[in-house]
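Accompanying notes for the structure given below.
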Amino acid sequence: MSLVAGSYERFIWGFKLKTLKHSTETLTLSPIFSFPSHLSPIKSVAVAGSVAVSGGSDDTIKIYDLSTSSEVGSLNDPTATVTSLALYTPPSLSSFPRNLFSAYDDGNISLYDADPFVHLKTMKIHKKGVNDLSVHPSGKLALTVGRDSCLAMVNLVRGRRSFCCSLGKEASMVKFDCSGDKFFMVMDEKISVHEAEDAKLILELESKKKVLCIAPGMNGLVYGGGEDRNLTAWDTVSGKVAYCIEDAHSSRLKGIVVLSKIDGASEDELFLVASASSDGIIRVWDVRMANKNKSIPLAEVNTKSRLTCLAGSSVKSIKKPLADSSKSSKEEDEQTEDL
C-alpha cells in the first residue's frame, strides 16, 4: 500500500505502509521519496498501482514511478491550474491504469491514454473553473462540479459533455461511491447523497464545519473531514454517523484515503483509513477505535509541510511495465506492496 501527498511548498511525498517484522498489528509509514516536483503549490494527486501523478498551479502534470521512487515525465498540455486528477483502472487490468483524466481552473478537462501517456482530447465543460472530477467505475462517464455552480456529466466514450445543470450553489467536490450506484456532492458543511441514475437526492449529511475532503468506503460508508479536524464516517443508508475520530489532527484535514479497498483485505484491514492535514502529518487509523475514549493512530509521519492533498494505491502487486512516451516518460515497473 502506497500513499502520495502534495504540499503547498511544491514538494511531493511518497510513503509505503508496512507491517513491522514479528508484529502483525504494528504499522509504519516508510518514506519512498520527497522532492520539489513543481514550480508552485501542488493542487491534486492520484495513484493507481505504482503509477502516481500530480498537478499544480504551474499548469503541469508530473508522472512518477513508485517502484523506482522517481519522476519519469511531465505533461505540458494543461491549459490552466490543474485542480483535479483521476486515474482509471479497468477491472480486467486490476493493477495498471488505462486512462488519466485531468480538470483545470479554466473549465476544461483533458483525457489521456495512460499506456503510454498520450493526450487524446481537451473539452470545455464549465464556464468557470472545475472544482472536482470523478470517474464512474465503468470508465464510461464522469461527473464534474465547477465554480459556475453547475454539475456536469461527461460521456467519456464519445468525448463530450452530455448533461449540465445549475445547482444554485457552488459544490466543491463530487465522488462516485465504490459501486457507482450513488454519488456524493459537497457544499460547505453538507454532503448530499444522490442516485447515480437520475441524480435524485437521497439524503443530506451535515458536518459541524466546512468539509474539505471526502472518500467513499465499503459497506455504504463515506468518510469526510475538514475544518472541524475530525475524521467522520457516515452511513449513507441511515444518514447517521457510524464512526467519528475527534481531533484526528491539530489542523484541518486535507485528504482521506480508504485503505480497505485492497482486494482480499482481511477483517482487520477493512477499517483502515489514512488522513492528511495541513499540519503536515499523515496518520493511519483503525476507525473502530473511534468508540474508545482516546483514538491512537496505528502509524503516522510528519512531513513538516502544509499538505494539500492525499492519494493512495490499493493494489498489492504490479505486473505491467510502463512504456516511454514522446510526450512524457514512463519507466519499466514491477512491484510488490507490503500491505
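The chains in the C-alpha cells are called A, B, ... from first to last as shown; in each chain the residues are counted from 1, and the ligands are counted from 1 in the order shown.
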Can you build me a table of region 177-268 of chain A residues sitting at most 12 Å from region 36-60 of chain A, with the closest atom pair per residue and its distance in Å to one decimal, using only C-alpha atoms, sorted by chain and residue number, as a tab-separated table?
```
residue	atom	partner	partner_atom	distance
A:Cys213	CA	A:Ser44	CA	11.8
A:Lys254	CA	A:Ser44	CA	10.7
A:Gly255	CA	A:Ser44	CA	10.0
A:Ile256	CA	A:Val45	CA	11.9
A:Val257	CA	A:Val47	CA	10.7
A:Ile262	CA	A:Gly49	CA	11.0
```
Within 12 Å of region 161-171 of chain A, counting only C-alpha atoms, which residues show up once you throw out same-chain ones fewer than 4 positions away? Write them as a PDB file with N, CA, C and O atoms, in the first residue's frame, please.
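Contents of result21.pdb, freshly written:
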```pdb
ATOM      1  N   ASN A 108     -11.899  23.542 -18.457  1.00  0.00           N
ATOM      2  CA  ASN A 108     -11.616  22.433 -19.360  1.00  0.00           C
ATOM      3  C   ASN A 108     -11.284  21.157 -18.594  1.00  0.00           C
ATOM      4  O   ASN A 108     -10.854  21.194 -17.436  1.00  0.00           O
ATOM      5  N   ILE A 109     -11.455  20.011 -19.259  1.00  0.00           N
ATOM      6  CA  ILE A 109     -10.913  18.746 -18.776  1.00  0.00           C
ATOM      7  C   ILE A 109     -10.202  18.061 -19.945  1.00  0.00           C
ATOM      8  O   ILE A 109     -10.553  18.283 -21.107  1.00  0.00           O
ATOM      9  N   THR A 122      -9.131  17.541 -25.261  1.00  0.00           N
ATOM     10  CA  THR A 122      -9.459  18.525 -24.243  1.00  0.00           C
ATOM     11  C   THR A 122     -10.832  19.099 -24.557  1.00  0.00           C
ATOM     12  O   THR A 122     -11.113  19.448 -25.712  1.00  0.00           O
ATOM     13  N   MET A 123     -11.699  19.172 -23.532  1.00  0.00           N
ATOM     14  CA  MET A 123     -13.077  19.621 -23.725  1.00  0.00           C
ATOM     15  C   MET A 123     -13.411  20.753 -22.779  1.00  0.00           C
ATOM     16  O   MET A 123     -12.966  20.762 -21.635  1.00  0.00           O
ATOM     17  N   LYS A 124     -14.225  21.688 -23.245  1.00  0.00           N
ATOM     18  CA  LYS A 124     -14.749  22.754 -22.411  1.00  0.00           C
ATOM     19  C   LYS A 124     -16.022  22.255 -21.747  1.00  0.00           C
ATOM     20  O   LYS A 124     -17.011  21.959 -22.422  1.00  0.00           O
ATOM     21  N   ILE A 125     -16.013  22.171 -20.403  1.00  0.00           N
ATOM     22  CA  ILE A 125     -17.147  21.616 -19.664  1.00  0.00           C
ATOM     23  C   ILE A 125     -17.875  22.677 -18.858  1.00  0.00           C
ATOM     24  O   ILE A 125     -19.104  22.704 -18.806  1.00  0.00           O
ATOM     25  N   HIS A 126     -17.137  23.565 -18.214  1.00  0.00           N
ATOM     26  CA  HIS A 126     -17.746  24.600 -17.364  1.00  0.00           C
ATOM     27  C   HIS A 126     -17.341  25.993 -17.859  1.00  0.00           C
ATOM     28  O   HIS A 126     -16.290  26.166 -18.481  1.00  0.00           O
ATOM     29  N   LYS A 127     -18.179  26.978 -17.526  1.00  0.00           N
ATOM     30  CA  LYS A 127     -17.880  28.361 -17.890  1.00  0.00           C
ATOM     31  C   LYS A 127     -16.766  28.926 -17.018  1.00  0.00           C
ATOM     32  O   LYS A 127     -16.055  29.844 -17.430  1.00  0.00           O
ATOM     33  N   LYS A 128     -16.661  28.393 -15.802  1.00  0.00           N
ATOM     34  CA  LYS A 128     -15.593  28.793 -14.894  1.00  0.00           C
ATOM     35  C   LYS A 128     -14.795  27.557 -14.504  1.00  0.00           C
ATOM     36  O   LYS A 128     -14.982  26.487 -15.081  1.00  0.00           O
ATOM     37  N   GLY A 129     -13.901  27.695 -13.546  1.00  0.00           N
ATOM     38  CA  GLY A 129     -13.009  26.601 -13.191  1.00  0.00           C
ATOM     39  C   GLY A 129     -13.708  25.348 -12.695  1.00  0.00           C
ATOM     40  O   GLY A 129     -14.776  25.409 -12.080  1.00  0.00           O
ATOM     41  N   VAL A 130     -13.107  24.191 -12.965  1.00  0.00           N
ATOM     42  CA  VAL A 130     -13.607  22.909 -12.479  1.00  0.00           C
ATOM     43  C   VAL A 130     -13.049  22.676 -11.073  1.00  0.00           C
ATOM     44  O   VAL A 130     -11.842  22.739 -10.860  1.00  0.00           O
ATOM     45  N   ASN A 131     -13.933  22.419 -10.128  1.00  0.00           N
ATOM     46  CA  ASN A 131     -13.500  22.161  -8.751  1.00  0.00           C
ATOM     47  C   ASN A 131     -13.095  20.714  -8.524  1.00  0.00           C
ATOM     48  O   ASN A 131     -12.138  20.431  -7.811  1.00  0.00           O
ATOM     49  N   ASP A 132     -13.839  19.783  -9.128  1.00  0.00           N
ATOM     50  CA  ASP A 132     -13.552  18.368  -8.904  1.00  0.00           C
ATOM     51  C   ASP A 132     -14.092  17.526 -10.043  1.00  0.00           C
ATOM     52  O   ASP A 132     -14.999  17.945 -10.781  1.00  0.00           O
ATOM     53  N   LEU A 133     -13.526  16.335 -10.167  1.00  0.00           N
ATOM     54  CA  LEU A 133     -13.896  15.382 -11.212  1.00  0.00           C
ATOM     55  C   LEU A 133     -13.900  13.988 -10.623  1.00  0.00           C
ATOM     56  O   LEU A 133     -13.022  13.635  -9.836  1.00  0.00           O
ATOM     57  N   LYS A 140     -16.987   4.852 -18.310  1.00  0.00           N
ATOM     58  CA  LYS A 140     -17.702   5.381 -19.470  1.00  0.00           C
ATOM     59  C   LYS A 140     -18.175   6.815 -19.283  1.00  0.00           C
ATOM     60  O   LYS A 140     -18.508   7.485 -20.262  1.00  0.00           O
ATOM     61  N   LEU A 141     -18.242   7.282 -18.050  1.00  0.00           N
ATOM     62  CA  LEU A 141     -18.695   8.648 -17.821  1.00  0.00           C
ATOM     63  C   LEU A 141     -18.024   9.232 -16.588  1.00  0.00           C
ATOM     64  O   LEU A 141     -17.462   8.512 -15.759  1.00  0.00           O
ATOM     65  N   ALA A 142     -18.083  10.546 -16.492  1.00  0.00           N
ATOM     66  CA  ALA A 142     -17.502  11.252 -15.353  1.00  0.00           C
ATOM     67  C   ALA A 142     -18.426  12.381 -14.942  1.00  0.00           C
ATOM     68  O   ALA A 142     -19.190  12.907 -15.766  1.00  0.00           O
ATOM     69  N   LEU A 143     -18.374  12.747 -13.680  1.00  0.00           N
ATOM     70  CA  LEU A 143     -19.106  13.890 -13.164  1.00  0.00           C
ATOM     71  C   LEU A 143     -18.119  14.982 -12.794  1.00  0.00           C
ATOM     72  O   LEU A 143     -17.030  14.700 -12.289  1.00  0.00           O
ATOM     73  N   THR A 144     -18.497  16.232 -13.041  1.00  0.00           N
ATOM     74  CA  THR A 144     -17.665  17.366 -12.654  1.00  0.00           C
ATOM     75  C   THR A 144     -18.532  18.417 -11.981  1.00  0.00           C
ATOM     76  O   THR A 144     -19.727  18.548 -12.282  1.00  0.00           O
ATOM     77  N   VAL A 145     -17.937  19.179 -11.068  1.00  0.00           N
ATOM     78  CA  VAL A 145     -18.586  20.346 -10.487  1.00  0.00           C
ATOM     79  C   VAL A 145     -17.635  21.522 -10.645  1.00  0.00           C
ATOM     80  O   VAL A 145     -16.412  21.356 -10.595  1.00  0.00           O
ATOM     81  N   GLY A 146     -18.215  22.713 -10.846  1.00  0.00           N
ATOM     82  CA  GLY A 146     -17.368  23.862 -11.125  1.00  0.00           C
ATOM     83  C   GLY A 146     -17.753  25.106 -10.359  1.00  0.00           C
ATOM     84  O   GLY A 146     -18.761  25.148  -9.642  1.00  0.00           O
ATOM     85  N   ARG A 147     -16.942  26.136 -10.533  1.00  0.00           N
ATOM     86  CA  ARG A 147     -17.192  27.418  -9.876  1.00  0.00           C
ATOM     87  C   ARG A 147     -18.359  28.171 -10.494  1.00  0.00           C
ATOM     88  O   ARG A 147     -18.768  29.222  -9.984  1.00  0.00           O
ATOM     89  N   ASP A 148     -18.912  27.647 -11.587  1.00  0.00           N
ATOM     90  CA  ASP A 148     -20.122  28.219 -12.182  1.00  0.00           C
ATOM     91  C   ASP A 148     -21.382  27.663 -11.529  1.00  0.00           C
ATOM     92  O   ASP A 148     -22.491  27.857 -12.040  1.00  0.00           O
ATOM     93  N   SER A 149     -21.205  26.938 -10.405  1.00  0.00           N
ATOM     94  CA  SER A 149     -22.321  26.354  -9.633  1.00  0.00           C
ATOM     95  C   SER A 149     -23.112  25.345 -10.450  1.00  0.00           C
ATOM     96  O   SER A 149     -24.338  25.230 -10.301  1.00  0.00           O
ATOM     97  N   CYS A 150     -22.435  24.607 -11.310  1.00  0.00           N
ATOM     98  CA  CYS A 150     -23.086  23.606 -12.154  1.00  0.00           C
ATOM     99  C   CYS A 150     -22.511  22.210 -11.916  1.00  0.00           C
ATOM    100  O   CYS A 150     -21.347  22.059 -11.528  1.00  0.00           O
ATOM    101  N   LEU A 151     -23.361  21.224 -12.143  1.00  0.00           N
ATOM    102  CA  LEU A 151     -22.962  19.814 -12.167  1.00  0.00           C
ATOM    103  C   LEU A 151     -23.037  19.356 -13.613  1.00  0.00           C
ATOM    104  O   LEU A 151     -24.044  19.584 -14.297  1.00  0.00           O
ATOM    105  N   ALA A 152     -21.969  18.709 -14.103  1.00  0.00           N
ATOM    106  CA  ALA A 152     -21.941  18.254 -15.492  1.00  0.00           C
ATOM    107  C   ALA A 152     -21.614  16.775 -15.570  1.00  0.00           C
ATOM    108  O   ALA A 152     -20.877  16.248 -14.723  1.00  0.00           O
ATOM    109  N   MET A 153     -22.175  16.118 -16.575  1.00  0.00           N
ATOM    110  CA  MET A 153     -21.852  14.724 -16.869  1.00  0.00           C
ATOM    111  C   MET A 153     -21.114  14.670 -18.198  1.00  0.00           C
ATOM    112  O   MET A 153     -21.538  15.294 -19.174  1.00  0.00           O
ATOM    113  N   VAL A 154     -20.009  13.943 -18.223  1.00  0.00           N
ATOM    114  CA  VAL A 154     -19.189  13.848 -19.437  1.00  0.00           C
ATOM    115  C   VAL A 154     -19.225  12.418 -19.957  1.00  0.00           C
ATOM    116  O   VAL A 154     -18.946  11.471 -19.205  1.00  0.00           O
ATOM    117  N   ASN A 155     -19.582  12.262 -21.222  1.00  0.00           N
ATOM    118  CA  ASN A 155     -19.541  10.962 -21.881  1.00  0.00           C
ATOM    119  C   ASN A 155     -18.099  10.710 -22.325  1.00  0.00           C
ATOM    120  O   ASN A 155     -17.609  11.341 -23.264  1.00  0.00           O
ATOM    121  N   LEU A 156     -17.414   9.802 -21.628  1.00  0.00           N
ATOM    122  CA  LEU A 156     -16.004   9.555 -21.911  1.00  0.00           C
ATOM    123  C   LEU A 156     -15.797   8.666 -23.140  1.00  0.00           C
ATOM    124  O   LEU A 156     -14.691   8.582 -23.662  1.00  0.00           O
ATOM    125  N   VAL A 157     -16.842   7.998 -23.593  1.00  0.00           N
ATOM    126  CA  VAL A 157     -16.749   7.166 -24.792  1.00  0.00           C
ATOM    127  C   VAL A 157     -16.758   8.054 -26.038  1.00  0.00           C
ATOM    128  O   VAL A 157     -15.935   7.892 -26.951  1.00  0.00           O
ATOM    129  N   LYS A 175     -17.987  12.824  -5.851  1.00  0.00           N
ATOM    130  CA  LYS A 175     -17.362  11.497  -5.835  1.00  0.00           C
ATOM    131  C   LYS A 175     -18.429  10.425  -6.050  1.00  0.00           C
ATOM    132  O   LYS A 175     -19.505  10.472  -5.459  1.00  0.00           O
ATOM    133  N   PHE A 184     -21.701  11.507  -4.389  1.00  0.00           N
ATOM    134  CA  PHE A 184     -21.750  12.476  -3.302  1.00  0.00           C
ATOM    135  C   PHE A 184     -21.295  13.838  -3.803  1.00  0.00           C
ATOM    136  O   PHE A 184     -20.380  13.933  -4.621  1.00  0.00           O
ATOM    137  N   MET A 185     -21.932  14.889  -3.292  1.00  0.00           N
ATOM    138  CA  MET A 185     -21.503  16.256  -3.576  1.00  0.00           C
ATOM    139  C   MET A 185     -21.327  17.002  -2.262  1.00  0.00           C
ATOM    140  O   MET A 185     -22.090  16.793  -1.317  1.00  0.00           O
ATOM    141  N   VAL A 186     -20.312  17.863  -2.227  1.00  0.00           N
ATOM    142  CA  VAL A 186     -20.032  18.641  -1.028  1.00  0.00           C
ATOM    143  C   VAL A 186     -20.292  20.114  -1.285  1.00  0.00           C
ATOM    144  O   VAL A 186     -19.790  20.681  -2.259  1.00  0.00           O
ATOM    145  N   MET A 187     -21.096  20.709  -0.408  1.00  0.00           N
ATOM    146  CA  MET A 187     -21.334  22.152  -0.412  1.00  0.00           C
ATOM    147  C   MET A 187     -21.137  22.665   1.003  1.00  0.00           C
ATOM    148  O   MET A 187     -21.988  22.438   1.873  1.00  0.00           O
ATOM    149  N   ASP A 188     -20.015  23.277   1.240  1.00  0.00           N
ATOM    150  CA  ASP A 188     -19.673  23.804   2.569  1.00  0.00           C
ATOM    151  C   ASP A 188     -19.738  22.705   3.636  1.00  0.00           C
ATOM    152  O   ASP A 188     -18.954  21.776   3.590  1.00  0.00           O
ATOM    153  N   GLU A 189     -20.716  22.772   4.564  1.00  0.00           N
ATOM    154  CA  GLU A 189     -20.775  21.795   5.662  1.00  0.00           C
ATOM    155  C   GLU A 189     -21.604  20.560   5.316  1.00  0.00           C
ATOM    156  O   GLU A 189     -21.691  19.627   6.117  1.00  0.00           O
ATOM    157  N   LYS A 190     -22.219  20.535   4.138  1.00  0.00           N
ATOM    158  CA  LYS A 190     -23.138  19.456   3.807  1.00  0.00           C
ATOM    159  C   LYS A 190     -22.592  18.521   2.719  1.00  0.00           C
ATOM    160  O   LYS A 190     -21.961  18.964   1.766  1.00  0.00           O
ATOM    161  N   ILE A 191     -22.873  17.227   2.908  1.00  0.00           N
ATOM    162  CA  ILE A 191     -22.577  16.203   1.904  1.00  0.00           C
ATOM    163  C   ILE A 191     -23.918  15.628   1.455  1.00  0.00           C
ATOM    164  O   ILE A 191     -24.653  15.051   2.267  1.00  0.00           O
ATOM    165  N   SER A 192     -24.255  15.809   0.195  1.00  0.00           N
ATOM    166  CA  SER A 192     -25.515  15.278  -0.327  1.00  0.00           C
ATOM    167  C   SER A 192     -25.272  13.948  -1.031  1.00  0.00           C
ATOM    168  O   SER A 192     -24.279  13.782  -1.739  1.00  0.00           O
ATOM    169  N   ASP A 198     -30.416   9.030 -11.852  1.00  0.00           N
ATOM    170  CA  ASP A 198     -31.195  10.228 -12.160  1.00  0.00           C
ATOM    171  C   ASP A 198     -30.841  11.430 -11.290  1.00  0.00           C
ATOM    172  O   ASP A 198     -31.522  12.449 -11.328  1.00  0.00           O
ATOM    173  N   ALA A 199     -29.765  11.322 -10.500  1.00  0.00           N
ATOM    174  CA  ALA A 199     -29.289  12.401  -9.620  1.00  0.00           C
ATOM    175  C   ALA A 199     -30.288  12.755  -8.529  1.00  0.00           C
ATOM    176  O   ALA A 199     -30.192  13.824  -7.911  1.00  0.00           O
ATOM    177  N   LYS A 210     -16.958  23.314   7.680  1.00  0.00           N
ATOM    178  CA  LYS A 210     -16.780  23.089   6.249  1.00  0.00           C
ATOM    179  C   LYS A 210     -16.026  21.800   5.968  1.00  0.00           C
ATOM    180  O   LYS A 210     -14.999  21.520   6.577  1.00  0.00           O
ATOM    181  N   VAL A 211     -16.552  21.004   5.031  1.00  0.00           N
ATOM    182  CA  VAL A 211     -15.934  19.745   4.622  1.00  0.00           C
ATOM    183  C   VAL A 211     -14.929  20.026   3.506  1.00  0.00           C
ATOM    184  O   VAL A 211     -15.263  20.663   2.502  1.00  0.00           O
ATOM    185  N   LEU A 212     -13.703  19.551   3.667  1.00  0.00           N
ATOM    186  CA  LEU A 212     -12.635  19.814   2.700  1.00  0.00           C
ATOM    187  C   LEU A 212     -12.191  18.566   1.939  1.00  0.00           C
ATOM    188  O   LEU A 212     -11.480  18.675   0.945  1.00  0.00           O
TER     189      LEU A 212
END
```
Q: Name the residues of region 85-266 of chain A that come out as strand (DSSP E) in a backbone DSSP run; write them as number ranges by chain.
A: A: 85-88, 99-104, 108-114, 117-124, 130-135, 141-146, 150-155, 160-166, 173-176, 182-187, 190-195, 201-206, 211-216, 221-226, 231-235, 241-245, 253-258
Q | Option closest in space to Lys240 (chain A), from A:Val222, A:Val287, A:Val174, A:Val4 [counting only C-alpha atoms] | A | A:Val222
(Q) When you count only C-alpha atoms, which of these residues is closest to His119 (chain A): A:Asp77, A:Gly139, A:Arg10, A:Arg158? (A) A:Asp77
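As for CA of Gly239 (chain A) and CA of Phe176 (chain A), they are spaced 16.9 Å apart.
Here CA of Ile281 (chain A) stands at a distance of 4.4 Å from CA of Asn302 (chain A).
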Q. So, counting only C-alpha atoms, which residue among A:Trp13, A:Cys244, A:Asn99, A:Met1 is closest to Thr28 (chain A)?
A. A:Met1
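Atom pair CA of Ser7 (chain A) / CA of Pro297 (chain A) has a distance of 21.6 Å (rounded to one decimal).
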